[in-house]
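Q: Before I ask anything, let me first share the structure, which is written out below as structure tokens.
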Amino acid sequence: MVRYEIKKLIPLKLCLIILLLLLLQSLSVYIRPLKDREYSETLYRQFCEHYEGIYDKSIQELLLSRKIWIDDVIAKHDETQSEYHLGRITLKEFSAYMDIYTEAMAQSSTVNYLLKKCEYYDSLNRPAEFFCDTQWLDMYENDGFDYLLVFAVMILCVPAFTSEYAAGSRTVLMTTPGGREKTAAAKLIICTLTSFFLTMLFRTARLVPVMNAGAMKYAGKPAYDLLNYPFGTDISLIGAYESFSVMKALEASCMASFICLLSVLVQNRTFVYFLSAVLLYAPAMMMDYLPDAAYVSSSYAKALAVTPYISLIRVNISCMIRIGVYVSICIAVWRARYVRREI
Amino acid sequence: MELKFNGISKSYGRKEALKGVDINLSEGVYALLGPNGSGKTTLMNILAGVLRPSSGDVTLDGRDTVSMGNDFRRILGYLPQDPGFYPGFTVEELLKYFASLKGIKLSSGEVKEKLDFVNLYDERRTRYKALSGGMKRRLGIAIALAGDPKILILDEPTAGLDPKERVRFRNIISGIGRDKIIIYATHIVSDIESIADRVILLKKGEVIDLSTTAQMTASIEGSVWSCVMERDRAEEYVEQNPGALITSTGADTVTLKIISGERPLPDAVNARPTLEDVYMYHFLGGEQ
Ligand SMILES: Nc1ncnc2c1ncn2[C@@H]1O[C@H](COP(=O)(O)OP(=O)(O)OP(=O)(O)O)[C@@H](O)[C@H]1O
Ligand SMILES: [Mg+2]
């Protein structure tokens, strides 16, 4: 039974579209976000690589003395400028100062950021490690709503039920013992499982280029080492990514069953596409204002950013409950709804 | 086996598609004859359990078919007017798939036997979308027959078929065992003679007759007239009388067939009614 449903649902064309989306997905990580950082990335990297290893107070002291020097140089700016104007120092002396000043300005923001990081490490009350975390930070910060993935889930799941209504084949199915609950169950199993594994595939496609670009080196570091993302548990960076992937995959399964439910209620394919686009994309836009909405649709959850607020376990349980509800209503409606149009 | 329709009515909004259908069927081949929109598909969908009647029920040997559920579905074979089979499936796959939905796993020998019966074994690897209209219909019959149903419903199985395919259809139906109730809908009279044991005449949602073809033709005995007249007059006459039909043309005279309760013209003579005349009698405004 499942074999035939797969044949109905996953023709070659669809596989090609999804492969294309996968490719796009893995390429999308190269499109860097255009947002400005509060620090110089090159300096940050240099520093982190230099002091890589277990964090201790000496790093903070070093940074503090650096900060004193920077503040000192910057404070002298106006004075030096007026001295130069008054002819008390030569051009050569002034330009030498300006070089140091530029350097100090560049370091200032980076050192401030690093100091914040030290403060955070101090607050952890546990050993933390210094390492170059920009790539992981980038990956987590851009880990929001996956438009491509939701699109892939939609093109996969919308036809599952709507095509039977459109072609009229539902009529024959309804007259056979196996065409009712069993067929609906087979469709739902395929939609939810495929969406689950598709998400895992998408997430892998996103991870692989980053890992290859150097993030692999730090994959085993504890996730709590990342600034701003207090994790609580001892999960590693890659482990955290995996947990989020599972959460998102479960949510994709949930979306799949939701689309199936919409399909049996609405029946018209175009309308189902429209409704699922609205109902699945719109909450993503509101996620910034309603972080708790992650319990309703966790695929919008901005990965690590939400952890202080939501519990992964609870999100996953909420997903499974929703899947159960959608699936049972879907099967009941598919079986009970009598033919609407028949000409 | 006794299949009873008890006061089946169906309305789509304000439109009444069926108005209290009360018929009893037992083993045999029934043709459901009626013009477009008379409610054939509606009646078949209700029998197959895919459409809920507005009122009334269908019983099989006294048991309500809806509450029989899968017990009823196991002995049912239904070929809808437009079955919407999956275009990418091959003939063999479709047959196996629908058999599996009825809980039957077909061996390759059974597949051959079933496809041979409808003359499609050579096409077993052809995709559904690549089949001709006649082949599609024959495959539909093979699928409906999978699992050896006791009740076989075919909605317009001959629509759009050429004469050769019609003959094939006739042979297929006569090859099916007589232990079934076979109902097929049609609005083509020639599909009935020599196939159907009985005819159910459906008009605007009401069953106006259920009897053998012989009884039907006998019932309008004396209402069919034949008359020879000049072409010009005949054409004028046909235009004014919907119950009249030009059946054959000579050099400058033509033969008219007129359905009428009483002698329409002084020189008209009574003719032997055919099933075609029965249809004309009931549906072309020729009735009293
Ligand atoms: N879903 C529907 N909504 C509204 N009216 C309908 C619907 N289905 C059928 N009808 C109407 O009910 C009447 C009977 O339709 P039905 O399809 O049963 O006729 P039919 O005898 O099968 O016709 P045909 O020979 O064209 O197949 C028609 O007047 C049709 O317009
Ligand atoms: Mg019809």
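Identifiers for the structure tokens are assigned positionally: chains receive A, B, ... in sequence, residues are indexed from 1 per chain, and ligands are indexed from 1 in the order shown.
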Neighbours of ligand 1 at 7 Å or closer, counting only C-alpha atoms and all ligand atoms: which residues, as a list of chain:residue names?
A: A:Arg340, A:Arg341, A:Glu342, A:Ile343, B:Tyr12, B:Gly13, B:Lys15, B:Glu16, B:Ala17, B:Gly34, B:Pro35, B:Asn36, B:Gly37, B:Ser38, B:Gly39, B:Lys40, B:Thr41, B:Thr42, B:Leu43, B:His187
Q: Could the residues in this selection be saved with N, CA and C atoms as a PDB file, in the first residue's frame?
A:
```pdb
ATOM      1  N   ARG A 340     -18.292  15.796  -3.258  1.00  0.00           N
ATOM      2  CA  ARG A 340     -18.906  17.101  -3.414  1.00  0.00           C
ATOM      3  C   ARG A 340     -19.330  17.352  -4.859  1.00  0.00           C
ATOM      4  N   ARG A 341     -18.347  17.315  -5.722  1.00  0.00           N
ATOM      5  CA  ARG A 341     -18.647  17.593  -7.116  1.00  0.00           C
ATOM      6  C   ARG A 341     -18.456  16.306  -7.906  1.00  0.00           C
ATOM      7  N   GLU A 342     -19.354  16.008  -8.750  1.00  0.00           N
ATOM      8  CA  GLU A 342     -19.240  14.778  -9.536  1.00  0.00           C
ATOM      9  C   GLU A 342     -19.954  15.001 -10.856  1.00  0.00           C
ATOM     10  N   ILE A 343     -19.213  15.426 -11.862  1.00  0.00           N
ATOM     11  CA  ILE A 343     -19.834  15.583 -13.186  1.00  0.00           C
ATOM     12  C   ILE A 343     -18.828  15.151 -14.256  1.00  0.00           C
TER      13      ILE A 343
ATOM     14  N   TYR B  12     -29.433  18.563  -4.593  1.00  0.00           N
ATOM     15  CA  TYR B  12     -28.242  19.411  -4.518  1.00  0.00           C
ATOM     16  C   TYR B  12     -28.761  20.832  -4.341  1.00  0.00           C
ATOM     17  N   GLY B  13     -28.752  21.328  -3.154  1.00  0.00           N
ATOM     18  CA  GLY B  13     -29.359  22.631  -2.928  1.00  0.00           C
ATOM     19  C   GLY B  13     -30.834  22.549  -3.257  1.00  0.00           C
ATOM     20  N   LYS B  15     -31.893  21.898  -6.280  1.00  0.00           N
ATOM     21  CA  LYS B  15     -32.071  20.982  -7.415  1.00  0.00           C
ATOM     22  C   LYS B  15     -32.326  19.557  -6.924  1.00  0.00           C
ATOM     23  N   GLU B  16     -33.440  18.991  -7.334  1.00  0.00           N
ATOM     24  CA  GLU B  16     -33.761  17.615  -6.947  1.00  0.00           C
ATOM     25  C   GLU B  16     -33.239  16.663  -8.002  1.00  0.00           C
ATOM     26  N   ALA B  17     -32.167  15.940  -7.707  1.00  0.00           N
ATOM     27  CA  ALA B  17     -31.581  15.037  -8.701  1.00  0.00           C
ATOM     28  C   ALA B  17     -32.281  13.680  -8.702  1.00  0.00           C
ATOM     29  N   GLY B  34     -31.146   6.691 -19.256  1.00  0.00           N
ATOM     30  CA  GLY B  34     -31.737   8.008 -19.040  1.00  0.00           C
ATOM     31  C   GLY B  34     -30.879   9.049 -19.717  1.00  0.00           C
ATOM     32  N   PRO B  35     -31.484  10.171 -20.116  1.00  0.00           N
ATOM     33  CA  PRO B  35     -30.707  11.212 -20.786  1.00  0.00           C
ATOM     34  C   PRO B  35     -29.746  11.892 -19.811  1.00  0.00           C
ATOM     35  N   ASN B  36     -28.906  12.759 -20.336  1.00  0.00           N
ATOM     36  CA  ASN B  36     -27.962  13.501 -19.492  1.00  0.00           C
ATOM     37  C   ASN B  36     -28.715  14.236 -18.393  1.00  0.00           C
ATOM     38  N   GLY B  37     -28.181  14.153 -17.205  1.00  0.00           N
ATOM     39  CA  GLY B  37     -28.769  14.900 -16.104  1.00  0.00           C
ATOM     40  C   GLY B  37     -29.975  14.242 -15.468  1.00  0.00           C
ATOM     41  N   SER B  38     -30.265  12.990 -15.861  1.00  0.00           N
ATOM     42  CA  SER B  38     -31.468  12.369 -15.307  1.00  0.00           C
ATOM     43  C   SER B  38     -31.203  11.796 -13.910  1.00  0.00           C
ATOM     44  N   GLY B  39     -29.939  11.726 -13.508  1.00  0.00           N
ATOM     45  CA  GLY B  39     -29.644  11.274 -12.153  1.00  0.00           C
ATOM     46  C   GLY B  39     -28.979   9.913 -12.081  1.00  0.00           C
ATOM     47  N   LYS B  40     -28.460   9.420 -13.204  1.00  0.00           N
ATOM     48  CA  LYS B  40     -27.840   8.084 -13.216  1.00  0.00           C
ATOM     49  C   LYS B  40     -26.630   8.028 -12.286  1.00  0.00           C
ATOM     50  N   THR B  41     -25.717   8.994 -12.493  1.00  0.00           N
ATOM     51  CA  THR B  41     -24.505   8.991 -11.673  1.00  0.00           C
ATOM     52  C   THR B  41     -24.843   9.173 -10.200  1.00  0.00           C
ATOM     53  N   THR B  42     -25.798  10.045  -9.930  1.00  0.00           N
ATOM     54  CA  THR B  42     -26.207  10.271  -8.546  1.00  0.00           C
ATOM     55  C   THR B  42     -26.691   8.968  -7.913  1.00  0.00           C
ATOM     56  N   LEU B  43     -27.522   8.239  -8.644  1.00  0.00           N
ATOM     57  CA  LEU B  43     -28.063   6.987  -8.116  1.00  0.00           C
ATOM     58  C   LEU B  43     -26.943   5.982  -7.857  1.00  0.00           C
ATOM     59  N   HIS B 187     -26.791   6.211 -22.008  1.00  0.00           N
ATOM     60  CA  HIS B 187     -27.904   6.881 -22.668  1.00  0.00           C
ATOM     61  C   HIS B 187     -27.920   6.503 -24.131  1.00  0.00           C
TER      62      HIS B 187
END
```
Q: Per residue of chain A within 10 Å of chain B, note the shortest atom pair and the distance in Å to one decimal, counting only C-alpha atoms, and order the rows by chain and increasing residue number, as JSON lines.
A:
```
{"residue": "A:Met1", "atom": "CA", "partner": "B:Ser100", "partner_atom": "CA", "distance": 7.3}
{"residue": "A:Arg3", "atom": "CA", "partner": "B:Tyr97", "partner_atom": "CA", "distance": 9.5}
{"residue": "A:Tyr4", "atom": "CA", "partner": "B:Tyr97", "partner_atom": "CA", "distance": 6.9}
{"residue": "A:Glu5", "atom": "CA", "partner": "B:Tyr97", "partner_atom": "CA", "distance": 9.6}
{"residue": "A:Lys7", "atom": "CA", "partner": "B:Phe89", "partner_atom": "CA", "distance": 8.2}
{"residue": "A:Lys8", "atom": "CA", "partner": "B:Tyr86", "partner_atom": "CA", "distance": 7.3}
{"residue": "A:Pro11", "atom": "CA", "partner": "B:Gly88", "partner_atom": "CA", "distance": 8.6}
{"residue": "A:Ser163", "atom": "CA", "partner": "B:Tyr86", "partner_atom": "CA", "distance": 9.5}
{"residue": "A:Glu164", "atom": "CA", "partner": "B:Gly84", "partner_atom": "CA", "distance": 8.0}
{"residue": "A:Tyr165", "atom": "CA", "partner": "B:Gly84", "partner_atom": "CA", "distance": 9.2}
{"residue": "A:Ala166", "atom": "CA", "partner": "B:Gly84", "partner_atom": "CA", "distance": 8.3}
{"residue": "A:Ala167", "atom": "CA", "partner": "B:Gly84", "partner_atom": "CA", "distance": 4.6}
{"residue": "A:Gly168", "atom": "CA", "partner": "B:Gly84", "partner_atom": "CA", "distance": 5.1}
{"residue": "A:Ser169", "atom": "CA", "partner": "B:Gly84", "partner_atom": "CA", "distance": 4.7}
{"residue": "A:Arg170", "atom": "CA", "partner": "B:Gly84", "partner_atom": "CA", "distance": 8.3}
{"residue": "A:Thr171", "atom": "CA", "partner": "B:Val50", "partner_atom": "CA", "distance": 6.4}
{"residue": "A:Val172", "atom": "CA", "partner": "B:Pro83", "partner_atom": "CA", "distance": 6.7}
{"residue": "A:Leu173", "atom": "CA", "partner": "B:Leu101", "partner_atom": "CA", "distance": 7.8}
{"residue": "A:Met174", "atom": "CA", "partner": "B:Val50", "partner_atom": "CA", "distance": 6.3}
{"residue": "A:Thr175", "atom": "CA", "partner": "B:Arg73", "partner_atom": "CA", "distance": 5.7}
{"residue": "A:Thr176", "atom": "CA", "partner": "B:Arg73", "partner_atom": "CA", "distance": 5.4}
{"residue": "A:Pro177", "atom": "CA", "partner": "B:Asn70", "partner_atom": "CA", "distance": 5.2}
{"residue": "A:Gly178", "atom": "CA", "partner": "B:Leu101", "partner_atom": "CA", "distance": 4.2}
{"residue": "A:Gly179", "atom": "CA", "partner": "B:Leu101", "partner_atom": "CA", "distance": 5.8}
{"residue": "A:Arg180", "atom": "CA", "partner": "B:Leu101", "partner_atom": "CA", "distance": 9.0}
{"residue": "A:Lys182", "atom": "CA", "partner": "B:Leu101", "partner_atom": "CA", "distance": 8.6}
{"residue": "A:Thr183", "atom": "CA", "partner": "B:Leu101", "partner_atom": "CA", "distance": 8.3}
{"residue": "A:Arg335", "atom": "CA", "partner": "B:Val50", "partner_atom": "CA", "distance": 9.7}
{"residue": "A:Ala336", "atom": "CA", "partner": "B:Val50", "partner_atom": "CA", "distance": 9.2}
{"residue": "A:Arg337", "atom": "CA", "partner": "B:Val50", "partner_atom": "CA", "distance": 8.6}
{"residue": "A:Tyr338", "atom": "CA", "partner": "B:Leu51", "partner_atom": "CA", "distance": 5.2}
{"residue": "A:Val339", "atom": "CA", "partner": "B:Leu51", "partner_atom": "CA", "distance": 5.8}
{"residue": "A:Arg340", "atom": "CA", "partner": "B:Leu51", "partner_atom": "CA", "distance": 8.3}
{"residue": "A:Glu342", "atom": "CA", "partner": "B:Thr41", "partner_atom": "CA", "distance": 8.1}
{"residue": "A:Ile343", "atom": "CA", "partner": "B:Thr41", "partner_atom": "CA", "distance": 8.2}
```
Q: Please run DSSP on the backbone and report, as an MDAnalysis selection string, all residues within region 61-269 of chain B that come out as strand (DSSP E or B).
A: chainID B and resid 63:64 76:79 90 127 151:155 181:186 198:203 206:212 224:230 244:249 253:259 269
Q: With C-alpha atoms kept, could you save the residues just selected as a PDB file, in the first residue's frame?
A:
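Here's the written file again11.pdb:
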```
ATOM      1  CA  ARG B  63     -29.160  -5.081   5.696  1.00  0.00           C
ATOM      2  CA  ASP B  64     -28.476  -1.379   5.336  1.00  0.00           C
ATOM      3  CA  LEU B  76     -18.731  -4.112  -4.567  1.00  0.00           C
ATOM      4  CA  GLY B  77     -17.027  -3.179  -7.813  1.00  0.00           C
ATOM      5  CA  TYR B  78     -17.537   0.357  -9.029  1.00  0.00           C
ATOM      6  CA  LEU B  79     -16.289   2.030 -12.185  1.00  0.00           C
ATOM      7  CA  THR B  90       0.964   1.097 -15.761  1.00  0.00           C
ATOM      8  CA  ARG B 127       1.084   3.741 -18.711  1.00  0.00           C
ATOM      9  CA  ILE B 151     -22.437  -6.118  -7.214  1.00  0.00           C
ATOM     10  CA  LEU B 152     -20.874  -4.447 -10.218  1.00  0.00           C
ATOM     11  CA  ILE B 153     -21.627  -0.832 -11.041  1.00  0.00           C
ATOM     12  CA  LEU B 154     -20.411   0.662 -14.302  1.00  0.00           C
ATOM     13  CA  ASP B 155     -21.156   4.301 -15.032  1.00  0.00           C
ATOM     14  CA  ILE B 181     -26.047  -7.805  -9.916  1.00  0.00           C
ATOM     15  CA  ILE B 182     -24.582  -5.774 -12.741  1.00  0.00           C
ATOM     16  CA  ILE B 183     -25.823  -2.233 -13.259  1.00  0.00           C
ATOM     17  CA  TYR B 184     -24.493  -0.070 -16.005  1.00  0.00           C
ATOM     18  CA  ALA B 185     -25.588   3.413 -16.947  1.00  0.00           C
ATOM     19  CA  THR B 186     -25.959   4.535 -20.493  1.00  0.00           C
ATOM     20  CA  ARG B 198     -33.713  -5.519 -17.657  1.00  0.00           C
ATOM     21  CA  VAL B 199     -33.799  -1.808 -18.187  1.00  0.00           C
ATOM     22  CA  ILE B 200     -34.281   0.850 -15.533  1.00  0.00           C
ATOM     23  CA  LEU B 201     -35.693   3.944 -17.165  1.00  0.00           C
ATOM     24  CA  LEU B 202     -34.740   7.064 -15.299  1.00  0.00           C
ATOM     25  CA  LYS B 203     -36.312  10.389 -16.122  1.00  0.00           C
ATOM     26  CA  GLU B 206     -37.680   9.265 -11.182  1.00  0.00           C
ATOM     27  CA  VAL B 207     -37.711   5.620 -12.217  1.00  0.00           C
ATOM     28  CA  ILE B 208     -40.499   5.483 -14.758  1.00  0.00           C
ATOM     29  CA  ASP B 209     -40.075   1.851 -15.738  1.00  0.00           C
ATOM     30  CA  LEU B 210     -38.143  -1.262 -14.739  1.00  0.00           C
ATOM     31  CA  SER B 211     -38.771  -4.226 -16.985  1.00  0.00           C
ATOM     32  CA  THR B 212     -37.290  -6.422 -19.697  1.00  0.00           C
ATOM     33  CA  VAL B 224     -45.388   3.765 -33.087  1.00  0.00           C
ATOM     34  CA  TRP B 225     -46.420   4.734 -36.549  1.00  0.00           C
ATOM     35  CA  SER B 226     -44.789   4.673 -39.892  1.00  0.00           C
ATOM     36  CA  CYS B 227     -45.729   6.899 -42.777  1.00  0.00           C
ATOM     37  CA  VAL B 228     -44.341   7.666 -46.249  1.00  0.00           C
ATOM     38  CA  MET B 229     -44.574  11.244 -47.570  1.00  0.00           C
ATOM     39  CA  GLU B 230     -42.779  13.766 -49.789  1.00  0.00           C
ATOM     40  CA  ALA B 244     -41.494  12.320 -35.389  1.00  0.00           C
ATOM     41  CA  LEU B 245     -38.279  11.134 -36.984  1.00  0.00           C
ATOM     42  CA  ILE B 246     -37.136  10.560 -40.539  1.00  0.00           C
ATOM     43  CA  THR B 247     -35.888   6.971 -40.686  1.00  0.00           C
ATOM     44  CA  SER B 248     -35.114   6.381 -44.359  1.00  0.00           C
ATOM     45  CA  THR B 249     -35.044   8.422 -47.525  1.00  0.00           C
ATOM     46  CA  THR B 253     -40.237  10.422 -50.661  1.00  0.00           C
ATOM     47  CA  VAL B 254     -39.095   9.656 -47.098  1.00  0.00           C
ATOM     48  CA  THR B 255     -40.255   7.275 -44.375  1.00  0.00           C
ATOM     49  CA  LEU B 256     -41.308   8.922 -41.151  1.00  0.00           C
ATOM     50  CA  LYS B 257     -41.512   7.264 -37.788  1.00  0.00           C
ATOM     51  CA  ILE B 258     -44.008   8.930 -35.485  1.00  0.00           C
ATOM     52  CA  ILE B 259     -44.500   8.224 -31.794  1.00  0.00           C
ATOM     53  CA  VAL B 269     -49.630   2.472 -40.245  1.00  0.00           C
TER      54      VAL B 269
END
```
Q: Which neighbours of Val208 (chain A) fall inside 12 Å, counting only C-alpha atoms, when residues of the same chain fewer than 2 positions from it are skipped, and could you give them as a PDB file with N, CA and C atoms, in the first residue's frame?
A:
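Result file part-v5.pdb:
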```pdb
ATOM      1  N   LEU A  22      17.592  21.701  -2.358  1.00  0.00           N
ATOM      2  CA  LEU A  22      18.688  21.300  -1.475  1.00  0.00           C
ATOM      3  C   LEU A  22      19.971  22.017  -1.848  1.00  0.00           C
ATOM      4  N   LEU A  23      20.201  22.075  -3.149  1.00  0.00           N
ATOM      5  CA  LEU A  23      21.400  22.724  -3.666  1.00  0.00           C
ATOM      6  C   LEU A  23      21.389  24.197  -3.279  1.00  0.00           C
ATOM      7  N   GLN A  25      19.822  25.491  -0.895  1.00  0.00           N
ATOM      8  CA  GLN A  25      19.961  25.581   0.550  1.00  0.00           C
ATOM      9  C   GLN A  25      21.425  25.571   0.959  1.00  0.00           C
ATOM     10  N   SER A  26      22.214  24.663   0.341  1.00  0.00           N
ATOM     11  CA  SER A  26      23.607  24.585   0.755  1.00  0.00           C
ATOM     12  C   SER A  26      24.381  25.787   0.223  1.00  0.00           C
ATOM     13  N   LEU A  27      23.895  26.357  -0.887  1.00  0.00           N
ATOM     14  CA  LEU A  27      24.577  27.547  -1.404  1.00  0.00           C
ATOM     15  C   LEU A  27      24.246  28.779  -0.569  1.00  0.00           C
ATOM     16  N   SER A  28      23.075  28.754   0.052  1.00  0.00           N
ATOM     17  CA  SER A  28      22.595  29.963   0.723  1.00  0.00           C
ATOM     18  C   SER A  28      23.500  30.401   1.864  1.00  0.00           C
ATOM     19  N   VAL A  29      24.297  29.455   2.416  1.00  0.00           N
ATOM     20  CA  VAL A  29      25.166  29.860   3.520  1.00  0.00           C
ATOM     21  C   VAL A  29      26.295  30.762   3.039  1.00  0.00           C
ATOM     22  N   TYR A  30      26.588  30.724   1.742  1.00  0.00           N
ATOM     23  CA  TYR A  30      27.659  31.574   1.228  1.00  0.00           C
ATOM     24  C   TYR A  30      27.199  33.013   1.064  1.00  0.00           C
ATOM     25  N   MET A 139      26.022  30.849  12.014  1.00  0.00           N
ATOM     26  CA  MET A 139      25.093  29.797  11.641  1.00  0.00           C
ATOM     27  C   MET A 139      23.858  29.834  12.540  1.00  0.00           C
ATOM     28  N   LEU A 201      17.847  16.435   5.966  1.00  0.00           N
ATOM     29  CA  LEU A 201      18.705  16.589   4.784  1.00  0.00           C
ATOM     30  C   LEU A 201      19.026  18.063   4.535  1.00  0.00           C
ATOM     31  N   PHE A 202      18.002  18.888   4.662  1.00  0.00           N
ATOM     32  CA  PHE A 202      18.176  20.331   4.474  1.00  0.00           C
ATOM     33  C   PHE A 202      19.164  20.875   5.494  1.00  0.00           C
ATOM     34  N   ARG A 203      18.990  20.425   6.728  1.00  0.00           N
ATOM     35  CA  ARG A 203      19.853  20.920   7.799  1.00  0.00           C
ATOM     36  C   ARG A 203      21.288  20.471   7.568  1.00  0.00           C
ATOM     37  N   THR A 204      21.433  19.264   7.033  1.00  0.00           N
ATOM     38  CA  THR A 204      22.779  18.780   6.741  1.00  0.00           C
ATOM     39  C   THR A 204      23.384  19.602   5.597  1.00  0.00           C
ATOM     40  N   ALA A 205      22.548  19.879   4.606  1.00  0.00           N
ATOM     41  CA  ALA A 205      23.030  20.660   3.470  1.00  0.00           C
ATOM     42  C   ALA A 205      23.493  22.040   3.922  1.00  0.00           C
ATOM     43  N   ARG A 206      22.915  22.527   4.988  1.00  0.00           N
ATOM     44  CA  ARG A 206      23.272  23.833   5.487  1.00  0.00           C
ATOM     45  C   ARG A 206      24.575  23.748   6.289  1.00  0.00           C
ATOM     46  N   VAL A 210      29.631  24.894   5.971  1.00  0.00           N
ATOM     47  CA  VAL A 210      30.196  25.625   7.105  1.00  0.00           C
ATOM     48  C   VAL A 210      31.261  24.781   7.799  1.00  0.00           C
ATOM     49  N   MET A 211      30.958  23.504   7.955  1.00  0.00           N
ATOM     50  CA  MET A 211      31.915  22.597   8.573  1.00  0.00           C
ATOM     51  C   MET A 211      33.187  22.549   7.747  1.00  0.00           C
ATOM     52  N   ASN A 212      33.027  22.480   6.444  1.00  0.00           N
ATOM     53  CA  ASN A 212      34.192  22.411   5.569  1.00  0.00           C
ATOM     54  C   ASN A 212      35.007  23.682   5.639  1.00  0.00           C
ATOM     55  N   ALA A 213      34.335  24.808   5.908  1.00  0.00           N
ATOM     56  CA  ALA A 213      35.028  26.086   5.921  1.00  0.00           C
ATOM     57  C   ALA A 213      35.737  26.319   7.256  1.00  0.00           C
ATOM     58  N   GLY A 214      35.762  25.324   8.135  1.00  0.00           N
ATOM     59  CA  GLY A 214      36.566  25.473   9.344  1.00  0.00           C
ATOM     60  C   GLY A 214      35.811  25.304  10.646  1.00  0.00           C
ATOM     61  N   ALA A 215      34.501  25.286  10.575  1.00  0.00           N
ATOM     62  CA  ALA A 215      33.727  25.198  11.816  1.00  0.00           C
ATOM     63  C   ALA A 215      33.846  23.828  12.470  1.00  0.00           C
ATOM     64  N   MET A 216      34.252  22.850  11.673  1.00  0.00           N
ATOM     65  CA  MET A 216      34.374  21.471  12.142  1.00  0.00           C
ATOM     66  C   MET A 216      35.293  21.398  13.360  1.00  0.00           C
ATOM     67  N   ALA A 219      33.465  21.919  16.510  1.00  0.00           N
ATOM     68  CA  ALA A 219      32.119  21.335  16.610  1.00  0.00           C
ATOM     69  C   ALA A 219      31.862  20.683  17.970  1.00  0.00           C
ATOM     70  N   ILE A 238      27.747  21.059  17.943  1.00  0.00           N
ATOM     71  CA  ILE A 238      27.121  20.238  16.900  1.00  0.00           C
ATOM     72  C   ILE A 238      25.899  19.534  17.477  1.00  0.00           C
TER      73      ILE A 238
END
```
Q: What parts of region 32-77 of chain A does DSSP call helix (DSSP H, G or I)? I'd like the answer as an NGL selection string.
A: :A and (41-50 or 57-75 or 77)
Q: Got a sec: who's within 7 Å of Met247 (chain A), counting only C-alpha atoms, leaving out chain neighbours fewer than 4 positions off, as a ChimeraX atom specification?
A: /A:243,251,316
Q: Take CA of Trp334 (chain A) and CA of Cys15 (chain A) and report the distance between them in Å, one decimal.
A: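 The value is 26.4 Å.
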Q: So, counting only C-alpha atoms, which residue among B:Gly147, B:Gly7, B:Glu193, B:Leu131 is closest to Lys105 (chain B)?
A: B:Gly147
Q: Near region 277-279 of chain A, within 10 Å and counting only C-alpha atoms, which residues show up once chain neighbours fewer than 2 positions away are dropped, as a VMD selection string?
A: chain A and resid 150 to 151 154 255 258 to 259 271 to 275 281 to 284
Q: Hey, can you check how far CA of Ile17 (chain A) sits from CA of Asp143 (chain A)?
A: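 Between CA of Ile17 (chain A) and CA of Asp143 (chain A) the gap is 22.6 Å.
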Q: Would you pick out the contacts of Glu113 (chain B) at 12 Å or less, using only C-alpha atoms, so that residues sharing its chain but fewer than 2 positions from it are not included, and give the list as a list in words?
A: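 So, after excluding close chain neighbours, the residues are Glu92, Leu95, Leu106, Ser107, Ser108, Gly109, Glu110, Val111, Leu115, Asp116, Phe117, Val118, Asn119, Leu120, Tyr121, Asp122, Arg124, Ala142, Leu145 and Ala146 of chain B.
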Q: Counting only C-alpha atoms and all ligand atoms, which residue out of B:Met68, B:Ser55, B:Asp61, B:Ala159 sits closest to ligand 2?
A: B:Ala159
Q: So how many Å separate CA of Leu64 (chain A) and CA of Ala106 (chain A), to one decimal?
A: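 These two atoms are separated by 15.8 Å.
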Q: Taking only C-alpha atoms and all ligand atoms into account, name the residue in B:Pro53, B:Gly20, B:Pro157, B:Gly261 that is nearest to ligand 2.
A: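 Of the candidates, the smallest distance to ligand 2 is held by B:Pro157.
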Q: Could you give me, as number ranges by chain, the residues within 10 Å of Val111 (chain A), counting only C-alpha atoms and dropping anything in the same chain fewer than 2 positions from it?
A: A: 39-40, 43-44, 47, 60, 63-64, 66-67, 70, 104, 106-109, 113-117
Q: Which of these residues is nearest to Glu156 (chain B), using only C-alpha atoms: B:Leu32, B:Ser223, B:Pro273, B:Arg178?
A: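 Closest to Glu156 (chain B), using only C-alpha atoms: B:Leu32.
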